[in-house]
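Undergrad: Got a structure here, written out as structure tokens. Questions coming.
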Amino acid sequence: MPLVRFFLILLLTSGALTLFAQHQELSDQPGLWRGQKGTQGDTLSLLSAFKRGIMQGHFRYFFMATDNARPYRDYYAHAIGGGIKYETASFHGFRLGVSGFFAFNIGSSNLSDPDPLTGQMNRYEIGLFDIENPANRNDIDRLEELYLQYEKKKTSVRVGRQLLNTPFINLQDGRMRPTEVSGVWAETKVGSNTRLQAGFLYKVSPRSTVNWYDIGSSIGVYPTGVNPNGQRSGYAGEIKSKGILLLGLNHKWPGGTQVKIWNQFTENVFNTTLVQADWKVKDKAKTQWLAGIQFIQQNAIKSGGNADPAHTYYEPRGQARTFGARIGLELSRWETNLNYNRITAAGRYLMPREWGREPFFTFMPRERNEGFGDVHALVLRLGYKIPAQRIKLAAAVGYFDLPDVKNYALNKYGVPSYTQLNLDLRYEFGGWLQGLDAQLLAVYKARTGPAYGEGKYIVNKVDMLLWNLVFNFHF
């Protein structure tokens with residue numbers, strides 16, 4: 001693929017390479033805007049608050065290419081875009097923030113054309129633009145944030161359109177722009193070790209779209225897979241929900257133990273609870289050992305979104321249960337961890353992909369285990385960094401044992417078992433190019449489960465190589 005080779009040469013000749021996690025940790029505050037932050041105290045007037053506000057910018061170039069197994073179609077796309085954020089200084093504890101972003105398709109395959117052999121649509125490159133209008137190349141823009149925030153001591157309350165990172169609703173920022181939400185969000189610290197978060201969300205603008213949806217309408221904007229009986233899911237546009245209530249607690253003990261508890265109540269659809277404990281212990285050789293365990297329980301609410309079984313999202317009386325564990329160590333430059341996750345056969349783990357990526361220890365960029373039950377997943381990660389050169393390197397290999405593709409009750413999206421390898425590199429430029437970073441992510445997925453000779457279970461899913469090249473400039 002000549003374009004891939006060209007951009008690999010371009011990246012390699014631009015300086016050192018480094019690895020950077022494609023997605024933020026879900027425990028982190030959203031960090032898309034990395035320019036100057038407003039830290040000054042209260043201003044004396046409203047006019048002063050606006051004059052002393054902070055402007056931040058972000059420009060992004062993204063090249064993506066999918067090399068499918070023969071004889072299926074390959075794809076590529078070049079995307080470029082930029083955005084501006086403005087936030088006022090504090091005025092009696094209040095701040096006003098607004099941001100927007102635009103994107104252009106400056107060259108790509110015909111993303112409206114399905115694969116001629118299978119009828120399957122493009123899966124990855126289309127997400128750089130507007131998935132609801134793949135032919136749109138120029139008018140891809142969105143008013144993203146528009147909020148009023150109040151802060152006093154250890155408490156903050158934000159109302160309006162905003163960025164949010166939680167275990168179930170998060171940025172999932174692996175394309176041009178992330179998922180955004182609209183609602184009320186509050187955070188407070190109790191003492192120095194406990195953090196409480198709560199909010200009510202009533203609108204979502206999913207990643208790779210330009211529109212805003214109420215909670216029910218947002219479920220089904222992305223491909224919907226099949227119902228447990230094997231028929232195409234019919235819940236898109238049919239789910240009714242007044243909103244999402246989120247509650248989170250995070251407590252840290254001085255010895256390195258941390259516990260987080262989250263509950264997400266999606267009115268009229270389903271409820272999800274997460275409990276996770278993490279430990280970090282440093283020995284005499286200054287090696288930091290880490291371990292973690294995780295449990296998630298889901299249950300349907302009422303009819304799961306619609307009284308008609310053909311149009312509901314979560315089966316009535318349905319449930320899902322997952323268990324996870326990890327162990328690892330961190331040295332001054334090296335880090336590694338081994339991760340395991342089990343989704344039991346009690347039912348499919350469901351979480352609208354429009355809202356974010358899953359919080360499993362075994363999550364790997366460019367694939368998910370949402371929509372499956374009876375899953376065993378094992379992932380080994382290795383990372384290395386050279387701080388003086390602003391270099392990081394990482395690799396991850398995972399094995400995902402999924403239900404048979406024809407076990408529709410536990411395999412929503414028709415993905416066979418697979419092995420995945422990710423190689424991820426990133427470099428942060430210095431000197432006169434400070435603010436610019438470059439990333440290369442290569443993903444290979446090899447099928448390990450049967451596909452019964454049907455290409456729809458292979459194309460854009462397994463036996464494929466996916467290239468990602470990203471340049472960001474923050475100011």
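Order determines the names: the first chain of the structure tokens is A, the second B, and so forth; residues in each chain are numbered 1 upward, and ligands are numbered 1 upward as they are shown.
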Can you tell me which residues surround Arg357 in chain A at a distance of at most 9 Å, considering only C-alpha atoms, apart from same-chain residues fewer than 2 positions away, and format the answer as a list in words?
TA: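 My list of contacting residues is Pro167, Phe168, Ile169, Asn170, Leu171, Gln172, Met351, Pro352, Arg353, Glu354, Trp355, Pro359, Phe363, Arg368 and Glu370 of chain A.
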Undergrad: Which neighbours of range 218-224 of chain A fall inside 7 Å, counting only C-alpha atoms, when residues of the same chain fewer than 3 positions from it are skipped, and could you give them as a PyMOL selection string?
TA: chain A and resi 204+213-215+233+235-237+352+354
Undergrad: Could those selected residues go to a file with N, CA, C and O atoms, as a PDB file, in the first residue's frame?
TA:
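What follows is the written file out.pdb:
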```
ATOM      1  N   VAL A 204     -26.508  13.270  24.097  1.00  0.00           N
ATOM      2  CA  VAL A 204     -25.215  12.726  23.713  1.00  0.00           C
ATOM      3  C   VAL A 204     -24.943  13.088  22.261  1.00  0.00           C
ATOM      4  O   VAL A 204     -25.837  12.998  21.406  1.00  0.00           O
ATOM      5  N   TYR A 213     -28.271  13.959  20.315  1.00  0.00           N
ATOM      6  CA  TYR A 213     -29.419  13.066  20.442  1.00  0.00           C
ATOM      7  C   TYR A 213     -29.847  12.981  21.904  1.00  0.00           C
ATOM      8  O   TYR A 213     -29.008  13.037  22.810  1.00  0.00           O
ATOM      9  N   ASP A 214     -31.163  12.783  22.118  1.00  0.00           N
ATOM     10  CA  ASP A 214     -31.566  12.440  23.471  1.00  0.00           C
ATOM     11  C   ASP A 214     -31.080  11.023  23.751  1.00  0.00           C
ATOM     12  O   ASP A 214     -30.654  10.297  22.846  1.00  0.00           O
ATOM     13  N   ILE A 215     -31.130  10.613  25.006  1.00  0.00           N
ATOM     14  CA  ILE A 215     -30.487   9.357  25.400  1.00  0.00           C
ATOM     15  C   ILE A 215     -31.051   8.172  24.635  1.00  0.00           C
ATOM     16  O   ILE A 215     -30.309   7.321  24.125  1.00  0.00           O
ATOM     17  N   SER A 233     -31.132  -6.401  14.626  1.00  0.00           N
ATOM     18  CA  SER A 233     -31.682  -5.614  15.727  1.00  0.00           C
ATOM     19  C   SER A 233     -32.488  -4.438  15.183  1.00  0.00           C
ATOM     20  O   SER A 233     -32.066  -3.765  14.239  1.00  0.00           O
ATOM     21  N   TYR A 235     -33.763  -1.800  17.243  1.00  0.00           N
ATOM     22  CA  TYR A 235     -33.986  -0.819  18.301  1.00  0.00           C
ATOM     23  C   TYR A 235     -33.617   0.608  17.933  1.00  0.00           C
ATOM     24  O   TYR A 235     -33.935   1.552  18.654  1.00  0.00           O
ATOM     25  N   ALA A 236     -32.926   0.802  16.809  1.00  0.00           N
ATOM     26  CA  ALA A 236     -32.528   2.166  16.419  1.00  0.00           C
ATOM     27  C   ALA A 236     -33.764   3.047  16.256  1.00  0.00           C
ATOM     28  O   ALA A 236     -34.694   2.718  15.517  1.00  0.00           O
ATOM     29  N   GLY A 237     -33.786   4.157  16.979  1.00  0.00           N
ATOM     30  CA  GLY A 237     -34.902   5.085  16.922  1.00  0.00           C
ATOM     31  C   GLY A 237     -36.131   4.638  17.682  1.00  0.00           C
ATOM     32  O   GLY A 237     -37.176   5.310  17.629  1.00  0.00           O
ATOM     33  N   PRO A 352     -24.118   0.921  25.023  1.00  0.00           N
ATOM     34  CA  PRO A 352     -24.103   1.555  23.704  1.00  0.00           C
ATOM     35  C   PRO A 352     -22.715   2.076  23.335  1.00  0.00           C
ATOM     36  O   PRO A 352     -22.111   2.851  24.073  1.00  0.00           O
ATOM     37  N   GLU A 354     -22.023   4.141  21.257  1.00  0.00           N
ATOM     38  CA  GLU A 354     -22.103   5.576  21.043  1.00  0.00           C
ATOM     39  C   GLU A 354     -21.658   6.364  22.272  1.00  0.00           C
ATOM     40  O   GLU A 354     -21.302   7.543  22.167  1.00  0.00           O
TER      41      GLU A 354
END
```
Undergrad: Between A:Met176, A:Leu47, A:Val226, A:Leu201, single out the one closest to Ile80 in chain A, counting only C-alpha atoms.
TA: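 For Ile80 in chain A, the nearest of the given residues is A:Met176.
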Undergrad: By how many Å are CA of Met464 in chain A and CA of Arg447 in chain A apart?
TA: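 Answer for the CA of Met464 in chain A to CA of Arg447 in chain A separation: 9.0 Å.
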Undergrad: Name the residues in contact with Asn411 in chain A at a cut-off of 12 Å, using only C-alpha atoms, excluding same-chain residues fewer than 3 positions from it; report them as a ChimeraX atom specification.
TA: /A:224-230,343,345,347-350,369-375,401-408,414-417,457
Undergrad: Could you write those residues out with N, CA, C and O atoms, as a short mmCIF file (atom, residue, chain, number, x, y, z; two decimals), in the first residue's frame?
TA:
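Ended up saving to out05.cif:
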```cif
data_model
loop_
_atom_site.label_atom_id
_atom_site.label_comp_id
_atom_site.auth_asym_id
_atom_site.auth_seq_id
_atom_site.Cartn_x
_atom_site.Cartn_y
_atom_site.Cartn_z
N THR A 224 -26.07 -1.91 14.72
CA THR A 224 -26.81 -2.49 15.84
C THR A 224 -26.66 -4.00 15.99
O THR A 224 -27.16 -4.57 16.95
N GLY A 225 -26.01 -4.68 15.07
CA GLY A 225 -25.83 -6.11 15.20
C GLY A 225 -27.15 -6.85 15.08
O GLY A 225 -28.07 -6.42 14.39
N VAL A 226 -27.25 -7.99 15.79
CA VAL A 226 -28.44 -8.83 15.69
C VAL A 226 -29.07 -9.03 17.07
O VAL A 226 -28.40 -8.93 18.10
N ASN A 227 -30.35 -9.35 17.06
CA ASN A 227 -31.06 -9.73 18.27
C ASN A 227 -30.62 -11.13 18.71
O ASN A 227 -30.02 -11.88 17.91
N PRO A 228 -30.96 -11.54 19.92
CA PRO A 228 -30.58 -12.89 20.37
C PRO A 228 -31.14 -14.01 19.49
O PRO A 228 -30.61 -15.12 19.50
N ASN A 229 -32.20 -13.73 18.73
CA ASN A 229 -32.74 -14.76 17.84
C ASN A 229 -32.08 -14.77 16.46
O ASN A 229 -32.46 -15.55 15.58
N GLY A 230 -31.10 -13.87 16.25
CA GLY A 230 -30.38 -13.85 14.99
C GLY A 230 -30.91 -12.87 13.97
O GLY A 230 -30.26 -12.65 12.94
N ILE A 343 -16.47 -12.45 30.74
CA ILE A 343 -17.89 -12.15 30.68
C ILE A 343 -18.60 -13.49 30.75
O ILE A 343 -18.37 -14.36 29.91
N ALA A 345 -21.61 -16.49 30.86
CA ALA A 345 -22.64 -16.89 29.90
C ALA A 345 -24.03 -16.49 30.35
O ALA A 345 -25.03 -16.88 29.72
N GLY A 347 -25.41 -13.71 30.00
CA GLY A 347 -26.01 -12.84 28.98
C GLY A 347 -24.96 -11.94 28.37
O GLY A 347 -23.80 -11.92 28.78
N ARG A 348 -25.37 -11.20 27.33
CA ARG A 348 -24.47 -10.26 26.67
C ARG A 348 -24.18 -9.07 27.58
O ARG A 348 -25.08 -8.54 28.22
N TYR A 349 -22.90 -8.66 27.62
CA TYR A 349 -22.58 -7.37 28.24
C TYR A 349 -22.89 -6.30 27.20
O TYR A 349 -22.31 -6.29 26.10
N LEU A 350 -23.82 -5.39 27.54
CA LEU A 350 -24.27 -4.36 26.60
C LEU A 350 -24.01 -2.98 27.17
O LEU A 350 -24.30 -2.71 28.34
N ASN A 369 -15.25 -5.78 23.37
CA ASN A 369 -15.96 -7.00 23.74
C ASN A 369 -17.39 -6.71 24.17
O ASN A 369 -18.08 -7.59 24.69
N GLU A 370 -17.83 -5.47 23.97
CA GLU A 370 -19.24 -5.13 24.21
C GLU A 370 -20.10 -5.90 23.22
O GLU A 370 -19.75 -6.04 22.05
N GLY A 371 -21.24 -6.40 23.68
CA GLY A 371 -22.16 -7.14 22.83
C GLY A 371 -21.97 -8.64 22.88
O GLY A 371 -22.63 -9.38 22.15
N PHE A 372 -21.07 -9.10 23.76
CA PHE A 372 -20.77 -10.53 23.84
C PHE A 372 -20.99 -11.06 25.25
O PHE A 372 -20.90 -10.32 26.24
N GLY A 373 -21.27 -12.35 25.33
CA GLY A 373 -21.29 -13.08 26.59
C GLY A 373 -20.44 -14.32 26.45
O GLY A 373 -20.04 -14.69 25.34
N ASP A 374 -20.14 -14.97 27.56
CA ASP A 374 -19.31 -16.18 27.57
C ASP A 374 -17.96 -15.91 26.89
O ASP A 374 -17.56 -16.59 25.95
N VAL A 375 -17.24 -14.90 27.40
CA VAL A 375 -15.96 -14.47 26.83
C VAL A 375 -14.83 -14.70 27.83
O VAL A 375 -14.98 -14.44 29.03
N ASP A 401 -11.36 -15.19 23.35
CA ASP A 401 -12.15 -16.39 23.09
C ASP A 401 -13.62 -16.01 23.17
O ASP A 401 -14.17 -15.82 24.26
N LEU A 402 -14.27 -15.89 22.00
CA LEU A 402 -15.64 -15.43 21.91
C LEU A 402 -16.57 -16.60 21.58
O LEU A 402 -16.13 -17.64 21.07
N PRO A 403 -17.88 -16.42 21.80
CA PRO A 403 -18.83 -17.45 21.38
C PRO A 403 -18.81 -17.62 19.86
O PRO A 403 -18.38 -16.72 19.12
N ASP A 404 -19.27 -18.73 19.39
CA ASP A 404 -19.37 -18.97 17.96
C ASP A 404 -20.18 -17.86 17.30
O ASP A 404 -21.14 -17.33 17.89
N VAL A 405 -19.81 -17.47 16.07
CA VAL A 405 -20.50 -16.37 15.40
C VAL A 405 -21.97 -16.66 15.17
O VAL A 405 -22.77 -15.73 14.98
N LYS A 406 -22.36 -17.93 15.19
CA LYS A 406 -23.77 -18.27 15.00
C LYS A 406 -24.51 -18.48 16.32
O LYS A 406 -25.70 -18.83 16.32
N ASN A 407 -23.81 -18.24 17.41
CA ASN A 407 -24.46 -18.23 18.72
C ASN A 407 -24.95 -16.80 18.95
O ASN A 407 -24.35 -16.02 19.68
N TYR A 408 -26.06 -16.45 18.30
CA TYR A 408 -26.52 -15.07 18.28
C TYR A 408 -26.88 -14.54 19.66
O TYR A 408 -26.75 -13.35 19.93
N GLY A 414 -21.29 -10.73 15.38
CA GLY A 414 -20.74 -11.70 14.44
C GLY A 414 -19.24 -11.64 14.29
O GLY A 414 -18.71 -11.70 13.17
N VAL A 415 -18.52 -11.54 15.41
CA VAL A 415 -17.06 -11.52 15.40
C VAL A 415 -16.54 -12.86 15.89
O VAL A 415 -16.91 -13.29 17.00
N PRO A 416 -15.70 -13.55 15.12
CA PRO A 416 -15.14 -14.82 15.60
C PRO A 416 -14.03 -14.58 16.62
O PRO A 416 -13.50 -13.47 16.74
N SER A 417 -13.66 -15.60 17.34
CA SER A 417 -12.52 -15.50 18.26
C SER A 417 -11.29 -15.04 17.48
O SER A 417 -11.13 -15.35 16.30
N TYR A 457 -18.22 -12.38 8.33
CA TYR A 457 -17.61 -12.58 9.64
C TYR A 457 -16.12 -12.26 9.65
O TYR A 457 -15.48 -12.37 10.70
#
```
Undergrad: Leaving out Asn271 in chain A and any residue of its chain fewer than 2 positions from it, which residues lie within 9 Å of it when counting only C-alpha atoms, given as a list in words?
TA: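 What passes the distance filter is Asn263, Gln264, Phe265, Thr266, Glu267, Val269, Thr273, Gln297, Gln298, Asn299, Ala300 and Ile301 of chain A.
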Undergrad: For the residues selected in the previous step, produce a file with C-alpha atoms as a PDB file, in the first residue's frame.
TA:
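Output (part07.pdb):
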```pdb
ATOM      1  CA  ASN A 263     -23.497   2.930  39.200  1.00  0.00           C
ATOM      2  CA  GLN A 264     -25.137   3.946  35.930  1.00  0.00           C
ATOM      3  CA  PHE A 265     -28.952   3.985  35.837  1.00  0.00           C
ATOM      4  CA  THR A 266     -30.321   4.393  32.304  1.00  0.00           C
ATOM      5  CA  GLU A 267     -33.992   5.117  32.860  1.00  0.00           C
ATOM      6  CA  VAL A 269     -33.436   0.537  29.781  1.00  0.00           C
ATOM      7  CA  THR A 273     -22.760  -1.383  38.625  1.00  0.00           C
ATOM      8  CA  GLN A 297     -23.224  -6.437  37.043  1.00  0.00           C
ATOM      9  CA  GLN A 298     -25.955  -5.420  34.599  1.00  0.00           C
ATOM     10  CA  ASN A 299     -29.727  -5.833  34.789  1.00  0.00           C
ATOM     11  CA  ALA A 300     -32.553  -4.857  32.484  1.00  0.00           C
ATOM     12  CA  ILE A 301     -35.089  -2.265  33.627  1.00  0.00           C
TER      13      ILE A 301
END
```
Undergrad: Which is closest to Tyr72 in chain A among A:Arg52, A:His474, A:Lys260, A:Lys461, if we use only C-alpha atoms?
TA: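 The answer is A:Lys461, which sits nearest to Tyr72 in chain A.
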Undergrad: Could you name the residues that touch Ser48 in chain A at 10 Å or less, counting only C-alpha atoms, but leaving out those on the same chain fewer than 4 positions away, as number ranges by chain?
TA: A: 42-44, 52-53, 88-91
Undergrad: So how far away is CA of Tyr124 in chain A from CA of Ser208 in chain A, in Å?
TA: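 These two atoms are separated by 10.4 Å.
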Undergrad: In Å, with one decimal, what is the gap from CA of Ser45 in chain A to CA of Phe94 in chain A?
TA: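 It comes out at 11.6 Å.
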Undergrad: Going by DSSP on the backbone, which residues of range 203-277 of chain A come out as strand (DSSP E)? List them as a PyMOL selection string.
TA: chain A and resi 203-205+213-214+244-252+257-266+270-277
Undergrad: Determine, counting only C-alpha atoms, which protein, DNA and RNA residues have an atom within 10 Å of an atom of range 64-70 of chain A; residues of the same chain fewer than 2 positions away are not included. Present the result as a PyMOL selection string.
TA: chain A and resi 1+3-4+62+72-79+108-109+122-126+128+175+441-444+455+458-470
